[in-house]
$ cat work_0.txt   # compact mmCIF, N, CA and C atoms
# COMPACT_ATOMS: atom_id res chain seq x y z
N MET A 1 16.12 19.10 12.61
CA MET A 1 15.59 17.98 11.87
C MET A 1 16.35 16.73 12.26
N ALA A 2 15.67 15.61 12.38
CA ALA A 2 16.33 14.36 12.72
C ALA A 2 16.70 13.64 11.44
N SER A 3 17.95 13.17 11.39
CA SER A 3 18.39 12.42 10.22
C SER A 3 18.19 10.94 10.49
N GLY A 4 18.50 10.09 9.50
CA GLY A 4 18.30 8.66 9.61
C GLY A 4 19.05 8.05 10.78
N GLY A 5 20.20 8.64 11.18
CA GLY A 5 21.00 8.11 12.27
C GLY A 5 20.51 8.53 13.63
N GLY A 6 19.47 9.34 13.69
CA GLY A 6 18.93 9.78 14.96
C GLY A 6 19.57 11.06 15.47
N GLU A 7 20.47 11.66 14.69
CA GLU A 7 21.09 12.90 15.10
C GLU A 7 20.14 14.07 14.83
N THR A 8 20.31 15.13 15.63
CA THR A 8 19.56 16.35 15.38
C THR A 8 20.50 17.33 14.71
N VAL A 9 20.04 17.90 13.61
CA VAL A 9 20.86 18.83 12.85
C VAL A 9 20.19 20.19 12.89
N ASN A 10 20.96 21.21 13.26
CA ASN A 10 20.45 22.56 13.25
C ASN A 10 20.48 23.06 11.81
N LEU A 11 19.31 23.29 11.24
CA LEU A 11 19.22 23.67 9.83
C LEU A 11 19.88 25.02 9.55
N ASP A 12 19.94 25.88 10.56
CA ASP A 12 20.55 27.20 10.36
C ASP A 12 22.04 27.10 10.08
N THR A 13 22.68 25.99 10.49
CA THR A 13 24.12 25.85 10.27
C THR A 13 24.45 25.29 8.89
N LEU A 14 23.43 24.80 8.16
CA LEU A 14 23.67 24.23 6.83
C LEU A 14 23.66 25.33 5.78
N SER A 15 24.48 25.15 4.75
CA SER A 15 24.50 26.10 3.65
C SER A 15 23.27 25.88 2.76
N ALA A 16 23.02 26.83 1.88
CA ALA A 16 21.89 26.71 0.96
C ALA A 16 22.05 25.48 0.07
N GLN A 17 23.28 25.18 -0.34
CA GLN A 17 23.53 24.01 -1.18
C GLN A 17 23.22 22.72 -0.41
N GLN A 18 23.65 22.65 0.85
CA GLN A 18 23.37 21.47 1.67
C GLN A 18 21.86 21.30 1.90
N LEU A 19 21.19 22.43 2.15
CA LEU A 19 19.74 22.38 2.34
C LEU A 19 19.03 21.89 1.07
N THR A 20 19.53 22.32 -0.08
CA THR A 20 18.95 21.88 -1.35
C THR A 20 19.13 20.38 -1.53
N GLN A 21 20.31 19.88 -1.15
CA GLN A 21 20.56 18.44 -1.25
C GLN A 21 19.63 17.65 -0.33
N VAL A 22 19.45 18.13 0.89
CA VAL A 22 18.56 17.47 1.84
C VAL A 22 17.12 17.52 1.33
N LYS A 23 16.74 18.67 0.77
CA LYS A 23 15.39 18.82 0.20
C LYS A 23 15.18 17.84 -0.95
N ASN A 24 16.16 17.71 -1.83
CA ASN A 24 16.04 16.77 -2.95
C ASN A 24 15.93 15.33 -2.46
N GLN A 25 16.71 15.00 -1.44
CA GLN A 25 16.64 13.65 -0.87
C GLN A 25 15.26 13.39 -0.27
N LEU A 26 14.73 14.36 0.46
CA LEU A 26 13.40 14.20 1.04
C LEU A 26 12.33 14.10 -0.04
N ASP A 27 12.48 14.87 -1.12
CA ASP A 27 11.54 14.78 -2.25
C ASP A 27 11.52 13.37 -2.82
N GLN A 28 12.71 12.77 -3.00
CA GLN A 28 12.80 11.41 -3.53
C GLN A 28 12.17 10.41 -2.57
N GLU A 29 12.45 10.56 -1.28
CA GLU A 29 11.88 9.65 -0.28
C GLU A 29 10.36 9.76 -0.27
N LEU A 30 9.86 10.99 -0.34
CA LEU A 30 8.41 11.19 -0.34
C LEU A 30 7.77 10.59 -1.58
N GLU A 31 8.42 10.72 -2.71
CA GLU A 31 7.89 10.14 -3.96
C GLU A 31 7.80 8.62 -3.82
N HIS A 32 8.85 8.01 -3.29
CA HIS A 32 8.86 6.55 -3.09
C HIS A 32 7.79 6.12 -2.08
N LEU A 33 7.70 6.84 -0.97
CA LEU A 33 6.72 6.49 0.06
C LEU A 33 5.29 6.67 -0.44
N THR A 34 5.06 7.71 -1.23
CA THR A 34 3.73 7.95 -1.79
C THR A 34 3.36 6.82 -2.76
N SER A 35 4.32 6.38 -3.54
CA SER A 35 4.10 5.26 -4.45
C SER A 35 3.77 3.99 -3.65
N SER A 36 4.51 3.75 -2.58
CA SER A 36 4.25 2.58 -1.73
C SER A 36 2.87 2.68 -1.09
N PHE A 37 2.49 3.88 -0.70
CA PHE A 37 1.18 4.12 -0.10
C PHE A 37 0.07 3.75 -1.09
N ALA A 38 0.23 4.17 -2.34
CA ALA A 38 -0.77 3.86 -3.38
C ALA A 38 -0.82 2.35 -3.63
N GLN A 39 0.33 1.69 -3.63
CA GLN A 39 0.36 0.24 -3.84
C GLN A 39 -0.33 -0.50 -2.69
N LEU A 40 -0.12 -0.03 -1.46
CA LEU A 40 -0.78 -0.66 -0.32
C LEU A 40 -2.30 -0.47 -0.39
N GLN A 41 -2.72 0.71 -0.81
CA GLN A 41 -4.16 0.95 -0.94
C GLN A 41 -4.75 0.05 -2.03
N ALA A 42 -4.02 -0.14 -3.12
CA ALA A 42 -4.49 -1.02 -4.18
C ALA A 42 -4.58 -2.47 -3.68
N ALA A 43 -3.59 -2.90 -2.90
CA ALA A 43 -3.61 -4.26 -2.34
C ALA A 43 -4.79 -4.42 -1.40
N GLN A 44 -5.05 -3.41 -0.58
CA GLN A 44 -6.18 -3.49 0.34
C GLN A 44 -7.50 -3.57 -0.43
N ALA A 45 -7.61 -2.82 -1.51
CA ALA A 45 -8.82 -2.87 -2.34
C ALA A 45 -8.98 -4.25 -2.97
N LYS A 46 -7.86 -4.85 -3.38
CA LYS A 46 -7.91 -6.20 -3.97
C LYS A 46 -8.39 -7.21 -2.93
N PHE A 47 -7.86 -7.13 -1.71
CA PHE A 47 -8.30 -8.03 -0.64
C PHE A 47 -9.77 -7.81 -0.31
N ARG A 48 -10.20 -6.55 -0.34
CA ARG A 48 -11.61 -6.22 -0.07
C ARG A 48 -12.51 -6.86 -1.14
N ASP A 49 -12.07 -6.78 -2.42
CA ASP A 49 -12.83 -7.41 -3.50
C ASP A 49 -12.87 -8.92 -3.34
N CYS A 50 -11.73 -9.51 -2.96
CA CYS A 50 -11.68 -10.97 -2.75
C CYS A 50 -12.62 -11.37 -1.63
N LEU A 51 -12.63 -10.59 -0.55
CA LEU A 51 -13.51 -10.89 0.58
C LEU A 51 -14.97 -10.80 0.15
N ARG A 52 -15.28 -9.78 -0.62
CA ARG A 52 -16.65 -9.61 -1.12
C ARG A 52 -17.06 -10.81 -1.98
N CYS A 53 -16.16 -11.26 -2.83
CA CYS A 53 -16.44 -12.42 -3.69
C CYS A 53 -16.63 -13.69 -2.86
N VAL A 54 -15.78 -13.89 -1.87
CA VAL A 54 -15.88 -15.08 -1.03
C VAL A 54 -17.17 -15.05 -0.23
N GLN A 55 -17.50 -13.88 0.32
CA GLN A 55 -18.73 -13.78 1.10
C GLN A 55 -19.95 -13.90 0.18
N GLY A 56 -19.83 -13.46 -1.05
CA GLY A 56 -20.91 -13.62 -2.02
C GLY A 56 -21.06 -15.05 -2.46
N GLY A 57 -20.05 -15.88 -2.18
CA GLY A 57 -20.08 -17.28 -2.54
C GLY A 57 -21.04 -18.11 -1.71
N LYS A 58 -21.66 -17.51 -0.72
CA LYS A 58 -22.61 -18.23 0.13
C LYS A 58 -23.99 -18.32 -0.53
N SER A 59 -24.08 -17.84 -1.73
CA SER A 59 -25.34 -17.80 -2.45
C SER A 59 -25.86 -19.21 -2.74
N PRO A 60 -27.18 -19.42 -2.57
CA PRO A 60 -27.74 -20.74 -2.90
C PRO A 60 -27.70 -21.03 -4.40
N ALA A 61 -27.41 -20.02 -5.21
CA ALA A 61 -27.31 -20.23 -6.66
C ALA A 61 -26.06 -21.03 -7.02
N LEU A 62 -25.09 -21.08 -6.11
CA LEU A 62 -23.88 -21.86 -6.37
C LEU A 62 -24.14 -23.32 -6.06
N GLN A 63 -24.11 -24.11 -7.08
CA GLN A 63 -24.35 -25.55 -6.92
C GLN A 63 -23.20 -26.29 -7.58
N GLU A 64 -22.85 -27.43 -7.01
CA GLU A 64 -21.78 -28.23 -7.59
C GLU A 64 -22.16 -28.66 -8.99
N ASN A 65 -21.16 -28.77 -9.85
CA ASN A 65 -21.29 -29.15 -11.27
C ASN A 65 -22.04 -28.12 -12.11
N LYS A 66 -22.25 -26.92 -11.58
CA LYS A 66 -22.90 -25.85 -12.33
C LYS A 66 -21.87 -25.21 -13.27
N GLN A 67 -22.28 -24.85 -14.48
CA GLN A 67 -21.40 -24.17 -15.44
C GLN A 67 -21.08 -22.77 -14.93
N ILE A 68 -19.80 -22.40 -14.96
CA ILE A 68 -19.36 -21.08 -14.52
C ILE A 68 -18.31 -20.56 -15.49
N LEU A 69 -18.01 -19.26 -15.39
CA LEU A 69 -16.90 -18.66 -16.12
C LEU A 69 -15.76 -18.46 -15.13
N VAL A 70 -14.60 -18.98 -15.48
CA VAL A 70 -13.42 -18.91 -14.61
C VAL A 70 -12.50 -17.81 -15.13
N PRO A 71 -12.17 -16.79 -14.29
CA PRO A 71 -11.29 -15.71 -14.76
C PRO A 71 -9.83 -16.16 -14.82
N LEU A 72 -9.23 -16.00 -16.00
CA LEU A 72 -7.79 -16.25 -16.13
C LEU A 72 -7.01 -14.95 -15.97
N THR A 73 -7.58 -13.86 -16.46
CA THR A 73 -7.04 -12.52 -16.27
C THR A 73 -8.24 -11.61 -16.01
N ASN A 74 -8.01 -10.30 -15.94
CA ASN A 74 -9.12 -9.37 -15.72
C ASN A 74 -10.10 -9.35 -16.88
N SER A 75 -9.64 -9.74 -18.07
CA SER A 75 -10.52 -9.66 -19.24
C SER A 75 -10.69 -10.99 -19.97
N LEU A 76 -10.09 -12.07 -19.49
CA LEU A 76 -10.18 -13.36 -20.16
C LEU A 76 -10.78 -14.40 -19.23
N TYR A 77 -11.88 -15.00 -19.68
CA TYR A 77 -12.58 -16.01 -18.90
C TYR A 77 -12.71 -17.28 -19.74
N VAL A 78 -12.72 -18.44 -19.06
CA VAL A 78 -12.95 -19.71 -19.73
C VAL A 78 -14.11 -20.42 -19.04
N SER A 79 -14.75 -21.29 -19.77
CA SER A 79 -15.88 -22.04 -19.25
C SER A 79 -15.37 -23.15 -18.32
N GLY A 80 -16.13 -23.44 -17.27
CA GLY A 80 -15.76 -24.48 -16.35
C GLY A 80 -16.96 -24.97 -15.56
N LYS A 81 -16.73 -25.96 -14.71
CA LYS A 81 -17.78 -26.47 -13.83
C LYS A 81 -17.32 -26.31 -12.40
N LEU A 82 -18.25 -25.93 -11.54
CA LEU A 82 -17.95 -25.75 -10.13
C LEU A 82 -17.83 -27.11 -9.46
N ALA A 83 -16.62 -27.42 -8.97
CA ALA A 83 -16.37 -28.73 -8.35
C ALA A 83 -16.89 -28.79 -6.93
N SER A 84 -16.77 -27.69 -6.18
CA SER A 84 -17.22 -27.68 -4.79
C SER A 84 -17.76 -26.30 -4.47
N ALA A 85 -18.96 -26.26 -3.91
CA ALA A 85 -19.56 -24.97 -3.55
C ALA A 85 -19.12 -24.53 -2.15
N SER A 86 -18.43 -25.38 -1.42
CA SER A 86 -18.04 -25.04 -0.05
C SER A 86 -16.55 -24.74 0.09
N HIS A 87 -15.78 -24.88 -0.99
CA HIS A 87 -14.34 -24.62 -0.94
C HIS A 87 -13.94 -23.68 -2.07
N VAL A 88 -12.90 -22.90 -1.80
CA VAL A 88 -12.35 -21.98 -2.80
C VAL A 88 -10.84 -22.12 -2.83
N ILE A 89 -10.24 -21.68 -3.92
CA ILE A 89 -8.78 -21.65 -4.04
C ILE A 89 -8.35 -20.22 -3.74
N VAL A 90 -7.42 -20.07 -2.80
CA VAL A 90 -6.96 -18.76 -2.34
C VAL A 90 -5.50 -18.57 -2.72
N ASP A 91 -5.20 -17.42 -3.34
CA ASP A 91 -3.82 -17.05 -3.65
C ASP A 91 -3.21 -16.50 -2.36
N VAL A 92 -2.26 -17.26 -1.79
CA VAL A 92 -1.64 -16.83 -0.52
C VAL A 92 -0.34 -16.08 -0.76
N GLY A 93 0.00 -15.81 -2.01
CA GLY A 93 1.17 -15.01 -2.33
C GLY A 93 2.26 -15.80 -3.00
N THR A 94 3.09 -15.11 -3.73
CA THR A 94 4.24 -15.66 -4.46
C THR A 94 3.90 -16.89 -5.29
N GLY A 95 2.69 -16.89 -5.87
CA GLY A 95 2.31 -17.96 -6.78
C GLY A 95 1.82 -19.23 -6.11
N PHE A 96 1.58 -19.20 -4.80
CA PHE A 96 1.07 -20.37 -4.09
C PHE A 96 -0.43 -20.24 -3.87
N TYR A 97 -1.14 -21.32 -4.12
CA TYR A 97 -2.59 -21.35 -3.95
C TYR A 97 -2.94 -22.45 -2.96
N VAL A 98 -3.94 -22.17 -2.11
CA VAL A 98 -4.36 -23.10 -1.08
C VAL A 98 -5.88 -23.25 -1.15
N GLU A 99 -6.35 -24.48 -1.02
CA GLU A 99 -7.80 -24.71 -0.96
C GLU A 99 -8.27 -24.45 0.46
N LYS A 100 -9.29 -23.62 0.60
CA LYS A 100 -9.82 -23.27 1.92
C LYS A 100 -11.34 -23.35 1.88
N THR A 101 -11.92 -23.50 3.07
CA THR A 101 -13.38 -23.37 3.15
C THR A 101 -13.73 -21.90 2.97
N ILE A 102 -14.97 -21.63 2.68
CA ILE A 102 -15.38 -20.25 2.47
C ILE A 102 -15.15 -19.43 3.73
N LYS A 103 -15.46 -20.00 4.90
CA LYS A 103 -15.25 -19.28 6.17
C LYS A 103 -13.77 -18.99 6.39
N SER A 104 -12.91 -19.99 6.15
CA SER A 104 -11.47 -19.82 6.33
C SER A 104 -10.91 -18.78 5.35
N ALA A 105 -11.40 -18.80 4.12
CA ALA A 105 -10.95 -17.82 3.13
C ALA A 105 -11.37 -16.41 3.53
N ALA A 106 -12.60 -16.26 4.03
CA ALA A 106 -13.06 -14.94 4.49
C ALA A 106 -12.19 -14.44 5.63
N GLU A 107 -11.85 -15.31 6.58
CA GLU A 107 -10.98 -14.92 7.69
C GLU A 107 -9.60 -14.52 7.18
N PHE A 108 -9.08 -15.27 6.20
CA PHE A 108 -7.77 -14.97 5.61
C PHE A 108 -7.78 -13.56 5.02
N TYR A 109 -8.81 -13.25 4.22
CA TYR A 109 -8.86 -11.93 3.58
C TYR A 109 -9.13 -10.82 4.58
N GLU A 110 -9.91 -11.09 5.61
CA GLU A 110 -10.13 -10.07 6.65
C GLU A 110 -8.82 -9.77 7.37
N ASN A 111 -8.05 -10.81 7.69
CA ASN A 111 -6.74 -10.62 8.35
C ASN A 111 -5.78 -9.84 7.45
N LYS A 112 -5.78 -10.17 6.15
CA LYS A 112 -4.91 -9.45 5.21
C LYS A 112 -5.30 -7.98 5.14
N MET A 113 -6.61 -7.70 5.07
CA MET A 113 -7.07 -6.30 5.02
C MET A 113 -6.66 -5.55 6.28
N THR A 114 -6.77 -6.21 7.43
CA THR A 114 -6.38 -5.57 8.69
C THR A 114 -4.88 -5.29 8.72
N GLU A 115 -4.10 -6.27 8.28
CA GLU A 115 -2.65 -6.12 8.26
C GLU A 115 -2.22 -4.98 7.33
N VAL A 116 -2.77 -4.96 6.14
CA VAL A 116 -2.42 -3.91 5.18
C VAL A 116 -2.92 -2.56 5.68
N GLY A 117 -4.10 -2.54 6.30
CA GLY A 117 -4.62 -1.29 6.87
C GLY A 117 -3.68 -0.72 7.93
N GLY A 118 -3.12 -1.59 8.76
CA GLY A 118 -2.15 -1.15 9.77
C GLY A 118 -0.89 -0.59 9.12
N ASN A 119 -0.43 -1.26 8.06
CA ASN A 119 0.75 -0.77 7.34
C ASN A 119 0.48 0.59 6.70
N ILE A 120 -0.74 0.77 6.19
CA ILE A 120 -1.11 2.06 5.59
C ILE A 120 -1.07 3.16 6.64
N LYS A 121 -1.60 2.88 7.83
CA LYS A 121 -1.60 3.89 8.90
C LYS A 121 -0.18 4.25 9.31
N GLU A 122 0.68 3.23 9.45
CA GLU A 122 2.08 3.49 9.81
C GLU A 122 2.77 4.34 8.74
N LEU A 123 2.54 3.98 7.49
CA LEU A 123 3.17 4.71 6.39
C LEU A 123 2.64 6.14 6.31
N GLU A 124 1.36 6.32 6.62
CA GLU A 124 0.77 7.65 6.60
C GLU A 124 1.46 8.57 7.61
N VAL A 125 1.76 8.03 8.79
CA VAL A 125 2.46 8.80 9.83
C VAL A 125 3.86 9.18 9.33
N ILE A 126 4.55 8.23 8.70
CA ILE A 126 5.89 8.51 8.18
C ILE A 126 5.85 9.57 7.11
N VAL A 127 4.88 9.46 6.19
CA VAL A 127 4.75 10.44 5.10
C VAL A 127 4.47 11.83 5.66
N GLN A 128 3.59 11.91 6.66
CA GLN A 128 3.29 13.21 7.27
C GLN A 128 4.53 13.81 7.92
N GLY A 129 5.32 12.99 8.61
CA GLY A 129 6.55 13.48 9.24
C GLY A 129 7.54 13.99 8.20
N LYS A 130 7.72 13.21 7.12
CA LYS A 130 8.65 13.64 6.06
C LYS A 130 8.15 14.91 5.39
N THR A 131 6.84 15.02 5.20
CA THR A 131 6.26 16.22 4.59
C THR A 131 6.50 17.44 5.48
N ASN A 132 6.33 17.27 6.78
CA ASN A 132 6.59 18.38 7.70
C ASN A 132 8.06 18.77 7.67
N ASN A 133 8.96 17.77 7.64
CA ASN A 133 10.40 18.07 7.55
C ASN A 133 10.70 18.83 6.27
N LEU A 134 10.08 18.42 5.18
CA LEU A 134 10.30 19.09 3.90
C LEU A 134 9.84 20.54 3.96
N ARG A 135 8.70 20.79 4.57
CA ARG A 135 8.21 22.18 4.69
C ARG A 135 9.17 23.05 5.49
N VAL A 136 9.69 22.48 6.58
CA VAL A 136 10.64 23.23 7.42
C VAL A 136 11.90 23.54 6.62
N ILE A 137 12.40 22.56 5.90
CA ILE A 137 13.62 22.78 5.10
C ILE A 137 13.37 23.82 4.02
N GLU A 138 12.22 23.75 3.36
CA GLU A 138 11.91 24.75 2.33
C GLU A 138 11.82 26.15 2.92
N GLN A 139 11.24 26.24 4.12
CA GLN A 139 11.13 27.54 4.78
C GLN A 139 12.51 28.10 5.12
N VAL A 140 13.38 27.28 5.70
CA VAL A 140 14.73 27.73 6.05
C VAL A 140 15.50 28.09 4.78
N LEU A 141 15.32 27.30 3.73
CA LEU A 141 16.00 27.56 2.47
C LEU A 141 15.55 28.91 1.88
N ARG A 142 14.24 29.18 1.94
CA ARG A 142 13.75 30.49 1.45
C ARG A 142 14.33 31.64 2.26
N GLN A 143 14.41 31.45 3.58
CA GLN A 143 14.99 32.50 4.43
C GLN A 143 16.45 32.74 4.08
N LYS A 144 17.19 31.66 3.85
CA LYS A 144 18.62 31.80 3.49
C LYS A 144 18.76 32.50 2.15
N MET A 145 17.91 32.14 1.19
CA MET A 145 17.98 32.76 -0.14
C MET A 145 17.62 34.24 -0.07
N ALA A 146 16.63 34.58 0.78
CA ALA A 146 16.23 35.98 0.91
C ALA A 146 17.30 36.82 1.59
N SER A 147 18.01 36.24 2.54
CA SER A 147 19.03 36.99 3.26
C SER A 147 20.37 37.01 2.53
N ASN A 148 20.59 36.07 1.60
CA ASN A 148 21.83 35.99 0.85
C ASN A 148 21.56 35.98 -0.66
N PRO A 149 21.00 37.02 -1.22
CA PRO A 149 20.76 36.99 -2.67
C PRO A 149 22.09 37.01 -3.42
N GLN A 150 22.23 36.08 -4.40
CA GLN A 150 23.51 36.00 -5.12
C GLN A 150 23.30 36.23 -6.58

$ encode --input "work_0.txt" --output "C-alpha cells"
Amino acid sequence: MASGGGETVNLDTLSAQQLTQVKNQLDQELEHLTSSFAQLQAAQAKFRDCLRCVQGGKSPALQENKQILVPLTNSLYVSGKLASASHVIVDVGTGFYVEKTIKSAAEFYENKMTEVGGNIKELEVIVQGKTNNLRVIEQVLRQKMASNPQ
C-alpha cells in the first residue's frame, strides 16, 4: 500500500494493531472524501439550476418593468419590478455579485459546471483508490486475525 509520503509498505509486516489504525485512518479519510463528493454534486446541481434559469430567461414573457417575485431565500420571496430583461445578477462566490448579460451568465455557469464536473471525476478516482486500499487492508487484517486468534 502506498502511504501519503509515497512509500510502499508491505502490509504483511504490520501488526494487527497497526493495520487497525491504518484501517481507521482510511475510514475517516473516506468519510471526509465522500462528504466532499456529495457537496460537489450539490454545487454542480445548483449551477445546473442557475444555468436553466438563465437560459429560461430568454422568454418573451420577460419584459422590463414587469412585476416579479424576487427570491430572498428558498422559501421567502418579495415583490419587485424587472429592471432589465437582458441582464442578470450573478453570484460569483464569497458574497460578490456581478451584473452580466444573459449569454455571459450562461457561459459562466457552464464553465462552473464543467470545472466542478472535473473535480468530481478526480475525487471519484481518489475515493475508488482509497476504497480499494481499505479492502486490501481489511483482507490482510482478517487473515492475521484468523492465523493469530487471541

$ residues_around --input "work_0.txt" --residues "range 90-95 of chain A" --least-positions-apart "5" --cutoff "9 Å" --atoms "only C-alpha atoms" --output "ChimeraX atom specification"
/A:100,105,108

$ atom_distance --input "work_0.txt" --atom1 "CA of Ala83 in chain A" --atom2 "CA of Leu51 in chain A"
20.2 Å

$ atom_distance --input "work_0.txt" --atom1 "atom N of His87 in chain A" --atom2 "atom C of Ala42 in chain A"
25.2 Å

$ residues_around --input "work_0.txt" --residues "Lys130 in chain A" --least-positions-apart "3" --cutoff "12 Å" --atoms "only C-alpha atoms" --output "PyMOL selection string"
chain A and resi 1-4+22-23+25-34+123-127+133-137

$ write_last_selection --input "work_0.txt" --atoms "N, CA and C atoms" --output "mmCIF file, in the coordinates of the input"
data_model
loop_
_atom_site.group_PDB
_atom_site.id
_atom_site.type_symbol
_atom_site.label_atom_id
_atom_site.label_comp_id
_atom_site.auth_asym_id
_atom_site.auth_seq_id
_atom_site.Cartn_x
_atom_site.Cartn_y
_atom_site.Cartn_z
ATOM 1 N N MET A 1 16.120 19.100 12.610
ATOM 2 C CA MET A 1 15.590 17.980 11.870
ATOM 3 C C MET A 1 16.350 16.730 12.260
ATOM 4 N N ALA A 2 15.670 15.610 12.380
ATOM 5 C CA ALA A 2 16.330 14.360 12.720
ATOM 6 C C ALA A 2 16.700 13.640 11.440
ATOM 7 N N SER A 3 17.950 13.170 11.390
ATOM 8 C CA SER A 3 18.390 12.420 10.220
ATOM 9 C C SER A 3 18.190 10.940 10.490
ATOM 10 N N GLY A 4 18.500 10.090 9.500
ATOM 11 C CA GLY A 4 18.300 8.660 9.610
ATOM 12 C C GLY A 4 19.050 8.050 10.780
ATOM 13 N N VAL A 22 19.450 18.130 0.890
ATOM 14 C CA VAL A 22 18.560 17.470 1.840
ATOM 15 C C VAL A 22 17.120 17.520 1.330
ATOM 16 N N LYS A 23 16.740 18.670 0.770
ATOM 17 C CA LYS A 23 15.390 18.820 0.200
ATOM 18 C C LYS A 23 15.180 17.840 -0.950
ATOM 19 N N GLN A 25 16.710 15.000 -1.440
ATOM 20 C CA GLN A 25 16.640 13.650 -0.870
ATOM 21 C C GLN A 25 15.260 13.390 -0.270
ATOM 22 N N LEU A 26 14.730 14.360 0.460
ATOM 23 C CA LEU A 26 13.400 14.200 1.040
ATOM 24 C C LEU A 26 12.330 14.100 -0.040
ATOM 25 N N ASP A 27 12.480 14.870 -1.120
ATOM 26 C CA ASP A 27 11.540 14.780 -2.250
ATOM 27 C C ASP A 27 11.520 13.370 -2.820
ATOM 28 N N GLN A 28 12.710 12.770 -3.000
ATOM 29 C CA GLN A 28 12.800 11.410 -3.530
ATOM 30 C C GLN A 28 12.170 10.410 -2.570
ATOM 31 N N GLU A 29 12.450 10.560 -1.280
ATOM 32 C CA GLU A 29 11.880 9.650 -0.280
ATOM 33 C C GLU A 29 10.360 9.760 -0.270
ATOM 34 N N LEU A 30 9.860 10.990 -0.340
ATOM 35 C CA LEU A 30 8.410 11.190 -0.340
ATOM 36 C C LEU A 30 7.770 10.590 -1.580
ATOM 37 N N GLU A 31 8.420 10.720 -2.710
ATOM 38 C CA GLU A 31 7.890 10.140 -3.960
ATOM 39 C C GLU A 31 7.800 8.620 -3.820
ATOM 40 N N HIS A 32 8.850 8.010 -3.290
ATOM 41 C CA HIS A 32 8.860 6.550 -3.090
ATOM 42 C C HIS A 32 7.790 6.120 -2.080
ATOM 43 N N LEU A 33 7.700 6.840 -0.970
ATOM 44 C CA LEU A 33 6.720 6.490 0.060
ATOM 45 C C LEU A 33 5.290 6.670 -0.440
ATOM 46 N N THR A 34 5.060 7.710 -1.230
ATOM 47 C CA THR A 34 3.730 7.950 -1.790
ATOM 48 C C THR A 34 3.360 6.820 -2.760
ATOM 49 N N LEU A 123 2.540 3.980 7.490
ATOM 50 C CA LEU A 123 3.170 4.710 6.390
ATOM 51 C C LEU A 123 2.640 6.140 6.310
ATOM 52 N N GLU A 124 1.360 6.320 6.620
ATOM 53 C CA GLU A 124 0.770 7.650 6.600
ATOM 54 C C GLU A 124 1.460 8.570 7.610
ATOM 55 N N VAL A 125 1.760 8.030 8.790
ATOM 56 C CA VAL A 125 2.460 8.800 9.830
ATOM 57 C C VAL A 125 3.860 9.180 9.330
ATOM 58 N N ILE A 126 4.550 8.230 8.700
ATOM 59 C CA ILE A 126 5.890 8.510 8.180
ATOM 60 C C ILE A 126 5.850 9.570 7.110
ATOM 61 N N VAL A 127 4.880 9.460 6.190
ATOM 62 C CA VAL A 127 4.750 10.440 5.100
ATOM 63 C C VAL A 127 4.470 11.830 5.660
ATOM 64 N N ASN A 133 8.960 17.770 7.640
ATOM 65 C CA ASN A 133 10.400 18.070 7.550
ATOM 66 C C ASN A 133 10.700 18.830 6.270
ATOM 67 N N LEU A 134 10.080 18.420 5.180
ATOM 68 C CA LEU A 134 10.300 19.090 3.900
ATOM 69 C C LEU A 134 9.840 20.540 3.960
ATOM 70 N N ARG A 135 8.700 20.790 4.570
ATOM 71 C CA ARG A 135 8.210 22.180 4.690
ATOM 72 C C ARG A 135 9.170 23.050 5.490
ATOM 73 N N VAL A 136 9.690 22.480 6.580
ATOM 74 C CA VAL A 136 10.640 23.230 7.420
ATOM 75 C C VAL A 136 11.900 23.540 6.620
ATOM 76 N N ILE A 137 12.400 22.560 5.900
ATOM 77 C CA ILE A 137 13.620 22.780 5.100
ATOM 78 C C ILE A 137 13.370 23.820 4.020
#

$ atom_distance --input "work_0.txt" --atom1 "atom N of Met145 in chain A" --atom2 "CA of Asn132 in chain A"
19.0 Å

$ closest_residue --input "work_0.txt" --among "A:Ser86, A:Asn65, A:Gln44, A:Gln139" --to "Lys112 in chain A" --atoms "only N, CA and C atoms"
A:Gln44

$ select_by_dssp --input "work_0.txt" --residues "chain A" --states "helix (DSSP H, G or I)" --output "JSON, numbers by chain"
{"A": [11, 12, 13, 16, 17, 18, 19, 20, 21, 22, 23, 24, 25, 26, 27, 28, 29, 30, 31, 32, 33, 34, 35, 36, 37, 38, 39, 40, 41, 42, 43, 44, 45, 46, 47, 48, 49, 50, 51, 52, 53, 54, 55, 56, 102, 103, 104, 105, 106, 107, 108, 109, 110, 111, 112, 113, 114, 115, 116, 117, 118, 119, 120, 121, 122, 123, 124, 125, 126, 127, 128, 129, 130, 131, 132, 133, 134, 135, 136, 137, 138, 139, 140, 141, 142, 143, 144, 145, 146, 147]}

$ residues_around --input "work_0.txt" --residues "Glu107 in chain A" --least-positions-apart "3" --cutoff "12 Å" --atoms "only C-alpha atoms" --output "ChimeraX atom specification"
/A:47-48,50-52,54-55,90,100-104,110-114

$ axis_aligned_box --input "work_0.txt" --around "range 25-42 of chain A" --padding-each-side "5 Å" --output "JSON"
{"center_x": 6.0, "center_y": 6.3, "center_z": -1.7, "size_x": 31.5, "size_y": 27.5, "size_z": 15.5}

$ closest_residue --input "work_0.txt" --among "A:Val98, A:Cys53, A:Val140, A:Ala146" --to "Leu11 in chain A" --atoms "only C-alpha atoms"
A:Val140

$ closest_residue --input "work_0.txt" --among "A:Leu72, A:Ala45, A:Val88, A:Leu82" --to "Gly117 in chain A" --atoms "only C-alpha atoms"
A:Ala45
